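Trainee: Below are the structure tokens for one structure; questions will follow.
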Amino acid sequence: MKVKKRNGEITEMLFDKVTARLYKLCIMTPALVIQPDKVAQKTVASMYDGISTEEIDTLSAEVAIGMITEDPEYETLATRIVVSNMHKTTPKCFSDAMLSLYSKGIVSEYFMKCMKLEMDSWIDHSRDYTFGYFGIKTLQRSYLNDGERPQYLFMRVALGIHGDDYPRVKETYDLMSQKFFTHATPTLFNAGTNHPQMSSCFLVAMKDDSVEGIFETLKECAHISKWSGGIGVHCSNIRANGTIIKGTNGKSDGIVPMLRVFNNTARYINQGGGKRKGSFAFYLEPWHADVLEFLELRLNQGDEEARCRDLFTALWIPDLFMEKVEEDGEWHLMCPNESPGLQDVYGEEFNELYRLYIAQGRYKKKVRAREIWDAVLKSQIETGTPYMCYKDAANRKTNQKNIGTIKSSNLCVEIMEVSTPDETAVCNLASICLPTFVRVGTDIVSPSFDFAKLCEVTSVVTRNLNRVIDRNYYPTEAARVSNMRHRPIAIGVQGLADVFMMLGLSFDEPKARALNKQIFETIYHSALFESCQLAKEEGPYETFQGSPASQGILQFDMWDVKPEHPFDALKESIKTHGLRNSLLVAPMPTASTAQIMGNNEAFEPYTTNIYLRRTLAGEFVMINKHLVRDLQKLNMWNPAMKMEIIRNGGSVQQMNITESLKAIYRTAWEIPQKSILDMAADRGAYIDQSQSLNIFMENPTLAKLSSMHMYGWKKGLKTGCYYLRTRAKAMPQQVTVTPVQPTKEQILACSLANPEACEMCSG
């Protein structure tokens with residue numbers, strides 16, 4: 001069998017060469033205690049005559065990742081194969097890679113002027129080997145430009161943000177490459193390029209209720225989407241179906257036909273040169289007369305002309321509506337053209353205006369509030385949406401309350417900022433990789449969390465995001481004006497569940513809840529401190545005076561929560577010097593970047609301990625790496641244990657392991673949602689924007705879902721629900737595992753002889 005080498009030379013295939021290459025990768029530090037010859041045997045068995053050495057690497061990496069259930073170290077081997085191959089096929093130094101990108105028109109002339117040959121020595125190529133296999137593959141598929149390595153990406157981002165401030169460039173590169181934090185996807189895509197659009201989130205106001213206003217908004221959304229921005233639009237000011245149009249003596253068709261135009265625009269405009277689809281979320285208040293049609297936009301059945309399945313629906317809910325639902329009261333649906341201004345006010349001012357319009361008879365329809373509520377819940381059960389945000393909590397507990405009324409959130413419901421027809425709110429995002437701050441324990445010392453390092457990294461992230469505001473390319477003038485005036489940023493996290501597992505804590509036990517609060521209090525304090533330092537250097541943001549912070553009122557004060565650590569000196573410094581940024585903290589979903597960094601998403605619990613990952617190379621069974629390591633320490637990890645986890649659908653609750661391990665490795669479906677909401681409220685006191693809060697409910701009912709939403713609203717959350725994640729209790733037939741015969745009780749549980757216990761019959 002012949003093999004084609006990278007230089008084009010044809011040579012004989014030798015099994016020993018394949019084995020030697022894999023063995024060499026296994027003995028890198030840290031050495032892997034696995035069997036590279038097994039990987040080599042399976043690789044050679046799948047080779048063909050004329051295969052290239054690059055293809056052999058790809059094949060052997062796929063073989064290794066397929067053996068991950070035997071030992072997680074096979075993933076490390078797969079990663080080393082991919083990275084080694086990448087290093088053989090890309091420029092050996094950063095400057096050469098960037099010169100190549102410059103010749104292709106990708107990086108800018110300013111970027112090249114700032115680049116120094118000295119930076120080649122700053123790169124630590126060994127850090128490429130610290131990624132997981134799927135993190136590297138995600139980078140290759142979506143993030144790395146031709147000829148880039150992960151280390152070159154991080155240096156490009158650092159240089160793109162800080163320009164010729166070389167100490168900051170090196171500081172940012174080192175922290176990102178060591179996985180202490182990462183900037184968000186648009187920043188990774190675009191930093192250093194000719195159009196460095198590095199912002200993630202845009203909150204667009206529907207300009208006005210006219211043809212010109214609607215299509216001006218559509219044009220702005222298209223421009224933003226073109227440059228990788230996720231968009232939230234508030235549309236409660238658009239007149240309802242059947243309302244008279246004075247200019248033409250016709251009647252409005254309402255918001256649904258308009259939203260179909262936006263739906264098709266989202267499909268048409270690919271972000272980042274086709275790297276991902278455009279994404280728009282539309283926010284509506286529940287008093288709007290078209291709300292029931294709005295709630296049907298994403299349903300699977302019904303009139304296709306009344307569906308917008310590529311848009312994301314969201315409700316912006318005043319407290320008065322929740323009160324009416326709770327008391328089963330009447331609710332009045334109105335048209336903003338006939339009952340203007342409701343979207344511009346909140347709290348008691350909203351309540352008074354709403355009641356005034358009712359007294360004047362200025363409403364289109366009267367319904368039970370629970371009719372709207374039930375439509376919301378049914379839509380969530382079927383589609384996972386609408387998102388739910390609480391208007392009064394968002395506006396009462398914001399540092400932007402001196403600027404205006406917040407009327408929507410963003411695509412992922414964590415950004416809450418004022419947007420107007422003249423100012424499109426913008427936010428720049430980064431997430432802190434919490435598992436990197438866990439200090440490994442020994443036989444004598446327990447593992448611990450490094451809060452001092454968290455303070456340091458949060459300060460760097462704050463300064464970076466503030467600089468992004470100045471370096472950024474803005475798709476529209478309205479976005480530039482808003483971001484320069486108010487300068488909000490969003491610091492999030494990833495891997496909170498990993499931290500708990502690494503420290504041996506179950507997700508919602510008292511120590512974990514205390515750690516959750518302490519982490520976010522630390523992040524909030526450090527971000528405030530650094531933003532105040534920036535204000536001393538560069539001046540406070542333009543609209544600082546009159547803000548709650550200017551009066552010594554911080555986020556936890558608005559929640560009536562007393563922090564663990566003193567903030568008094570910081571409050572006085574803020575009152576004296578100001579802040580450079582109006583908003584600072586907003587935990588976002590972190591889907592792609594968490595996969596790159598090898599962490600669980602955001603602050604979410606694990607949804608399963610085992611899952612199937614599908615790639616172009618095939619399907620791979622993935623198992624929670626923390627669980628495998630804990631079982632290995634107890635000499636309990638074996639093929640039978642793996643099959644037992646698969647048989648139980650990723651749960652360990654029925655397995656013969658210690659109760660402490662069962663508690664630590666509960667999944668999102670096994671953790672009470674009350675605990676999820678309590679922890680969201682605990683950290684909420686230190687989150688001055690909001691948080692992308694998913695809700696997990698197995699076999700949801702209207703009653704269970706309603707109770708859960710009411711609890712979250714009463715806890716004072718700004719975001720009540722991002723996606724509702726559901727799953728049926730019934731498991732599909734597992735053809736890859738040996739079936740277990742059901743007991744007599746299990747047979748009876750789904751029998752006509754016992755219908756009340758049967759989900760199929762009594763559901």
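Letters A, B, ... go to the chains of the structure tokens in the order shown; residues in each chain start at 1; ligands are counted from 1 in the same order.
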Could you pull out the strand (DSSP E) residues of range 466-609 of chain A from DSSP and send them as JSON, numbers by chain?
Mentor: {"A": [489, 490, 491, 492, 493, 494]}
Trainee: Could you check which of A:Ser339, A:Ser506, A:Gln178, A:Ser482 is closest to Asp124 in chain A, using only C-alpha atoms?
Mentor: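 For Asp124 in chain A, the nearest of the candidates is A:Gln178.
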Trainee: Contacts of range 669-679 of chain A at 7 Å or less, counting only C-alpha atoms, minus same-chain residues fewer than 3 places along, as a count of residues only?
Mentor: 10
Trainee: Please determine, counting only C-alpha atoms, which residue among A:Arg355, A:Lys116, A:Tyr722, A:Lys366 has the shortest atom-to-atom distance to Phe312 in chain A.
Mentor: A:Tyr722
Trainee: Let me make sure I understand: among A:Gly384, A:Gly147, A:Gly132, A:Gly232, which one has the smallest atom-to-atom distance to Ser95 in chain A if we use only C-alpha atoms?
Mentor: A:Gly147
Trainee: Once DSSP has gone over the backbone, tell me which residues of range 455-677 of chain A are in helix (DSSP H, G or I), as a PyMOL selection string.
Mentor: chain A and resi 455-471+477-486+496-502+510-538+548-551+555-558+568-577+591-597+625-633+639-647+659-664+673-677
Trainee: Please provide as a VMD selection string all residues within 12 Å of Asp165 in chain A, with the sequence filter that same-chain residues fewer than 4 positions apart are discarded (counting only C-alpha atoms).
Mentor: chain A and resid 114 to 116 158 to 161 169 to 172 464 467
Trainee: Which residues, written as a VMD selection string, have at least one atom at most 7 Å from range 151-156 of chain A, with only C-alpha atoms counted and residues fewer than 4 positions away on the same chain left out?
Mentor: chain A and resid 94 123 125 128 144 160 173 176 to 177 191 to 192
Trainee: Any idea what the distance is between CA of Pro91 in chain A and CA of Asp16 in chain A?
Mentor: 28.5 Å
Trainee: For Lys324 in chain A, find every residue with an atom within 12 Å (counting only C-alpha atoms), except residues of its own chain fewer than 6 positions away, and show them as a PyMOL selection string.
Mentor: chain A and resi 286-287+317-318+330-332+351+367-373+710
Trainee: Pick from A:Lys246, A:His709, A:Arg647, A:Lys364: nearest to Ala289 in chain A, with only C-alpha atoms counted?
Mentor: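 Distance minimum relative to Ala289 in chain A lands on A:Lys364.
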